[in-house]
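Asker: Next comes the structure file my_file.txt, holding compact mmCIF, C-alpha atoms.
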# COMPACT_ATOMS: atom_id res chain seq x y z
CA MET A 173 17.92 5.11 -16.95
CA GLY A 174 17.54 8.69 -15.66
CA LEU A 175 13.88 8.84 -16.70
CA PHE A 176 13.08 5.74 -14.62
CA LYS A 177 14.95 6.74 -11.47
CA GLY A 178 12.60 6.26 -8.53
CA PHE A 179 10.15 4.27 -10.69
CA LEU A 180 11.23 0.64 -10.43
CA LYS A 181 11.33 0.36 -6.62
CA PRO A 182 7.68 1.31 -6.01
CA MET A 183 6.65 -0.75 -9.04
CA ILE A 184 8.27 -3.85 -7.51
CA GLU A 185 6.57 -3.04 -4.19
CA VAL A 186 3.17 -3.04 -5.93
CA VAL A 187 3.90 -6.32 -7.74
CA ARG A 188 4.64 -7.85 -4.35
CA ASP A 189 1.64 -6.22 -2.64
CA PRO A 190 -1.05 -4.53 -4.81
CA ASN A 191 -2.58 -2.99 -1.68
CA ARG A 192 0.38 -0.62 -1.37
CA THR A 193 -1.58 2.48 -2.32
CA ASP A 194 1.36 4.70 -1.49
CA SER A 195 3.58 2.85 -3.97
CA ILE A 196 0.88 2.87 -6.66
CA PHE A 197 0.59 6.63 -6.27
CA ARG A 198 4.37 7.01 -6.62
CA VAL A 199 4.36 4.92 -9.80
CA ILE A 200 1.50 6.71 -11.57
CA SER A 201 2.79 10.13 -10.45
CA HIS A 202 6.26 9.45 -11.89
CA ALA A 203 7.45 11.53 -14.83
CA ALA A 204 7.77 8.37 -16.93
CA VAL A 205 3.97 8.02 -16.75
CA THR A 206 2.79 11.61 -16.42
CA ASN A 207 4.94 13.26 -19.06
CA GLN A 208 3.48 15.97 -21.31
CA ASN A 209 3.26 13.73 -24.38
CA SER A 210 1.24 11.08 -22.56
CA TYR A 211 -1.31 13.56 -21.27
CA SER A 212 -1.54 15.29 -24.63
CA ILE A 213 -2.71 11.99 -26.10
CA VAL A 214 -5.23 11.56 -23.28
CA LEU A 215 -6.58 15.10 -23.66
CA GLU A 216 -6.84 14.77 -27.42
CA HIS A 217 -8.86 11.57 -27.04
CA MET A 218 -11.11 13.02 -24.32
CA SER A 219 -11.76 16.26 -26.19
CA LYS A 220 -13.65 14.33 -28.86
CA ASP A 221 -16.62 14.40 -26.47
CA ARG A 222 -18.29 17.82 -26.17
CA LYS A 223 -19.27 17.54 -22.50
CA THR A 224 -15.77 16.42 -21.55
CA GLU A 225 -14.20 19.21 -23.57
CA GLU A 226 -16.39 21.76 -21.77
CA LEU A 227 -15.44 20.34 -18.37
CA ILE A 228 -11.74 20.49 -19.26
CA ALA A 229 -12.09 24.11 -20.34
CA SER A 230 -13.89 25.07 -17.11
CA ARG A 231 -11.33 23.29 -14.85
CA TYR A 232 -14.32 22.16 -12.80
CA LEU A 233 -13.66 20.57 -9.39
CA GLY A 234 -16.58 19.74 -7.14
CA GLU A 235 -16.93 19.55 -3.37
CA TRP A 236 -19.10 17.25 -1.26
CA ASN A 237 -19.64 15.84 2.21
CA ILE A 238 -19.64 12.06 2.66
CA GLU A 239 -21.84 12.10 5.78
CA ALA A 240 -24.47 14.22 4.03
CA LEU A 241 -24.43 11.92 0.99
CA SER A 242 -24.86 8.86 3.22
CA GLU A 243 -28.22 10.28 4.36
CA LEU A 244 -29.64 10.23 0.82
CA PRO A 245 -32.02 7.41 -0.23
CA LYS A 246 -30.25 4.07 -0.62
CA ASN A 247 -30.93 3.79 -4.35
CA THR A 248 -29.20 7.08 -5.23
CA LEU A 249 -25.74 7.64 -6.64
CA GLY A 250 -24.78 9.78 -3.67
CA HIS A 251 -25.71 7.16 -1.09
CA ARG A 252 -24.02 4.32 -2.97
CA TYR A 253 -20.84 6.34 -3.37
CA ALA A 254 -20.84 7.33 0.32
CA LYS A 255 -21.42 3.70 1.33
CA HIS A 256 -18.50 2.64 -0.88
CA MET A 257 -16.25 5.19 0.84
CA ILE A 258 -17.39 4.41 4.39
CA ASP A 259 -17.36 0.61 3.99
CA ASN A 260 -13.81 0.71 2.63
CA GLY A 261 -12.51 3.33 5.06
CA LEU A 262 -11.64 5.70 2.22
CA ASP A 263 -10.97 9.43 2.49
CA PRO A 264 -12.11 11.63 -0.43
CA ASP A 265 -9.25 14.01 0.40
CA PHE A 266 -6.58 11.29 0.43
CA PHE A 267 -4.78 12.66 -2.62
CA PRO A 268 -2.79 15.88 -2.23
CA LYS A 269 -4.27 18.92 -3.95
CA LEU A 270 -2.67 20.08 -7.20
CA GLU A 271 -2.54 23.49 -8.81
CA THR A 272 -4.92 23.12 -11.74
CA SER A 273 -3.94 26.05 -13.94
CA THR A 274 -3.02 23.67 -16.78
CA ALA A 275 -5.27 21.09 -18.41
CA HIS A 276 -2.78 18.33 -17.61
CA ALA A 277 -2.71 19.16 -13.88
CA TRP A 278 -6.50 19.50 -13.78
CA LEU A 279 -6.88 16.11 -15.45
CA GLN A 280 -4.76 14.47 -12.77
CA MET A 281 -6.68 16.19 -9.95
CA ARG A 282 -10.15 15.45 -11.33
CA SER A 283 -9.14 11.82 -11.98
CA ARG A 284 -8.09 11.43 -8.37
CA GLN A 285 -11.20 13.22 -7.10
CA THR A 286 -13.65 11.03 -9.03
CA HIS A 287 -11.87 7.66 -9.00
CA ASP A 288 -14.10 6.20 -6.29
CA ILE A 289 -17.21 7.68 -7.89
CA TRP A 290 -16.31 5.59 -10.94
CA HIS A 291 -16.20 2.55 -8.64
CA ALA A 292 -19.75 3.28 -7.50
CA VAL A 293 -21.07 4.02 -10.98
CA THR A 294 -19.52 1.01 -12.71
CA GLY A 295 -20.06 -1.45 -9.87
CA PHE A 296 -16.42 -2.51 -9.64
CA SER A 297 -15.38 -3.11 -6.02
CA THR A 298 -12.00 -2.32 -4.46
CA SER A 299 -10.70 -5.91 -4.70
CA VAL A 300 -7.53 -6.40 -6.71
CA VAL A 301 -9.51 -8.22 -9.39
CA ASP A 302 -12.15 -5.50 -9.70
CA GLU A 303 -9.61 -2.69 -9.53
CA THR A 304 -7.90 -4.32 -12.50
CA GLY A 305 -11.22 -4.35 -14.32
CA LEU A 306 -11.85 -0.69 -13.52
CA GLN A 307 -8.41 0.24 -14.85
CA ALA A 308 -9.29 -1.52 -18.13
CA PHE A 309 -12.52 0.50 -18.17
CA ASN A 310 -10.49 3.65 -17.56
CA TYR A 311 -8.13 2.90 -20.42
CA ALA A 312 -11.00 2.27 -22.81
CA GLN A 313 -12.44 5.65 -21.87
CA LEU A 314 -9.34 7.81 -21.37
CA ARG A 315 -6.33 6.12 -23.03
CA SER A 316 -4.33 6.89 -19.88
CA PRO A 317 -0.97 5.09 -19.67
CA ALA A 318 -1.32 5.03 -15.88
CA SER A 319 -4.16 2.51 -16.23
CA VAL A 320 -2.03 0.19 -18.35
CA VAL A 321 0.83 0.39 -15.85
CA ILE A 322 -1.50 -0.54 -12.97
CA ILE A 323 -3.01 -3.42 -14.95
CA ALA A 324 0.47 -4.72 -15.75
CA MET A 325 1.58 -4.57 -12.10
CA PHE A 326 -1.57 -6.31 -10.85
CA LEU A 327 -1.40 -9.04 -13.49
CA LEU A 328 2.25 -9.63 -12.71
CA HIS A 329 1.36 -9.88 -9.01
CA ALA A 330 -1.21 -12.57 -9.78
CA ALA A 331 1.11 -14.42 -12.19
CA LEU A 332 3.92 -14.56 -9.64
CA PHE A 333 2.19 -14.73 -6.28
CA LYS A 334 -1.54 -15.49 -6.61
CA ARG A 335 -2.14 -17.60 -9.69
CA GLU A 336 -5.54 -18.77 -8.48
CA ILE A 337 -7.00 -15.34 -9.37
CA LEU A 338 -5.10 -14.79 -12.61
CA ALA A 339 -7.85 -16.04 -14.95
CA GLU A 340 -10.42 -14.00 -13.02
CA MET A 341 -8.26 -10.91 -13.45
CA VAL A 342 -7.94 -11.45 -17.19
CA ASP A 343 -11.73 -11.79 -17.36
CA ALA A 344 -12.05 -8.52 -15.42
CA VAL A 345 -9.78 -6.75 -17.90
CA SER A 346 -11.90 -8.01 -20.78
CA ARG A 347 -15.14 -6.99 -19.03
CA GLY A 348 -13.82 -3.56 -18.09
CA TRP A 349 -12.55 -2.86 -21.61
CA THR A 350 -15.89 -3.90 -23.13
CA MET A 351 -17.87 -1.81 -20.64
CA GLY A 352 -15.63 1.20 -21.16
CA LYS A 353 -15.98 1.05 -24.94
CA ALA A 354 -19.78 0.80 -24.74
CA ALA A 355 -20.37 3.43 -22.04
CA LYS A 356 -20.77 7.14 -22.59
CA PRO A 357 -17.72 9.19 -21.50
CA LEU A 358 -17.78 9.33 -17.70
CA PHE A 359 -15.17 12.04 -17.45
CA GLY A 360 -17.58 14.61 -18.86
CA GLU A 361 -20.08 13.93 -16.09
CA LYS A 362 -20.69 16.36 -13.26
CA PHE A 363 -21.46 13.61 -10.78
CA GLU A 364 -22.09 16.26 -8.15
CA ASP A 365 -25.29 17.19 -10.03
CA GLU A 366 -26.46 13.56 -9.96
CA TRP A 367 -26.17 12.64 -6.27
CA THR A 368 -29.94 12.29 -5.90
CA THR A 369 -30.39 10.36 -9.17
CA ASP A 370 -31.41 6.71 -8.96
CA LEU A 371 -28.22 4.76 -9.68
CA GLY A 372 -29.97 2.24 -11.91
CA VAL A 373 -31.48 5.03 -14.00
CA TYR A 374 -28.15 6.82 -14.14
CA ARG A 375 -26.35 3.68 -15.29
CA GLN A 376 -28.89 3.26 -18.09
CA ARG A 377 -28.27 6.85 -19.21
CA LEU A 378 -24.55 6.10 -19.34
CA ASN A 379 -25.01 2.77 -21.19
CA LEU A 380 -23.81 0.89 -18.13
CA ALA A 381 -26.96 -1.12 -17.53
Rewrite the coordinates I just gave you, this time as structure tokens.
Answerer:
Amino acid sequence: MGLFKGFLKPMIEVVRDPNRTDSIFRVISHAAVTNQNSYSIVLEHMSKDRKTEELIASRYLGEWNIEALSELPKNTLGHRYAKHMIDNGLDPDFFPKLETSTAHAWLQMRSRQTHDIWHAVTGFSTSVVDETGLQAFNYAQLRSPASVVIIAMFLLHAALFKREILAEMVDAVSRGWTMGKAAKPLFGEKFEDEWTTDLGVYRQRLNLA
């Protein structure tokens, strides 16, 4: 039980209320989820793509300004991402910064940094149903155990407390998995170089049309 100390309490909190972002963060940051073996599997899978492998090697982390992006034309990736952040009251610096000297730490930091960009690119909203779908997309692309844990907690929430959305959530998982399998690897993208790109055109390039 030592490995799971501090894991079950926040997991139960999320099952009761999937909007507990603080508890979700505690779950997916726990050693039971973020252990070296788990991330080795993720990195091995991701490194099959050349662009992703190059990004991992460079430890690239971008910087941007939400207000500046919101001034871009409405059809662009930058504007749509900024609108997503502003409409949902989200802070791009919400997650604490990590030392990224290792590939595993960099992977965690870049995942946190780009999570909401993935929302904008894929079209999944921040609803519990769509977040479940995005996590299925993530797993198809990254093989991250954190995505499976989040899906499990959200499905259990619906099964126990909100059964009217359970079928919709299962559909979202299926849709996200299918989209993730068909799309080009998003983790290898330098989204910061694509802010001014038409989002529809960009989605076509990524096989997300």
Asker: Taking all atoms listed in the file into account, name the residue in A:Leu227, A:Val301, A:Ala203, A:Ala240 that is nearest to A:Glu336.
Answerer: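 Among the listed residues, A:Val301 lies closest to A:Glu336.
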Asker: Using all atoms listed in the file, tabulate the residues of stretch 215-261 of chain A lying at most 7 Å from any atom of stretch 271-286 of chain A, each with its closest atom pair and that distance in Å to one decimal, by chain and increasing residue number, as CSV.
Answerer:
residue,atom,partner,partner_atom,distance
A:Ile228,CA,A:Ala275,CA,6.6
A:Arg231,CA,A:Trp278,CA,6.2
A:Leu233,CA,A:Arg282,CA,6.5
Asker: Smallest atom-to-atom distance to A:Ala331: which of A:Lys181, A:Lys223, A:Arg188, A:His287, using only C-alpha atoms?
Answerer: A:Arg188
Asker: Return the single residue from A:Thr193, A:Ile213, A:Ala330, A:Asp370 that is closest to A:Leu262, with distances computed using only C-alpha atoms.
Answerer: A:Thr193
Asker: Expressed in Å to a single decimal, how great is the separation between atom CA of A:Lys362 and atom CA of A:Ala308?
Answerer: 21.8 Å
Asker: Any idea what's packed within 12 Å of A:Ile337, counting all atoms listed in the file, ignoring anything in its chain fewer than 5 positions away? Could you give it as a ChimeraX atom specification?
Answerer: /A:299-302,304,326-332,342-344
Asker: Leaving out A:Asn310 and any residue of its chain fewer than 3 positions from it, which residues lie within 7 Å of it when counting all atoms listed in the file, given as an MDAnalysis selection string?
Answerer: chainID A and resid 306:307 313:314 319 352
Asker: When distances are computed from all atoms listed in the file, which of A:Val205, A:Lys356, A:Asn191, A:Glu216 shows the smallest separation from A:Val320?
Answerer: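 Distance minimum relative to A:Val320 lands on A:Val205.
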Asker: Give me the residues within 12 Å of A:Thr369 as a PyMOL selection string, counting all atoms listed in the file and dropping any in the same chain fewer than 6 places off.
Answerer: chain A and resi 241+244-253+293+363+375-377
Asker: Which residue is closest to A:Lys177? Choose from A:Arg192, A:Arg198, A:Lys255, A:His291 and count only C-alpha atoms.
Answerer: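 Closest candidate: A:Arg198.
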Asker: Measuring between all atoms listed in the file, which one of A:Val186, A:Ala292, A:Leu378, A:Ile238 shows the shortest distance to A:His256?
Answerer: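 Of A:Val186, A:Ala292, A:Leu378, A:Ile238, the one nearest A:His256 is A:Ala292, counting all atoms listed in the file.
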Asker: Please, what distance in Å, to one decimal, runs between atom CA of A:Gly348 and atom CA of A:Ala229?
Answerer: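 Atom CA of A:Ala229 lies at a distance of 27.8 Å from atom CA of A:Gly348.
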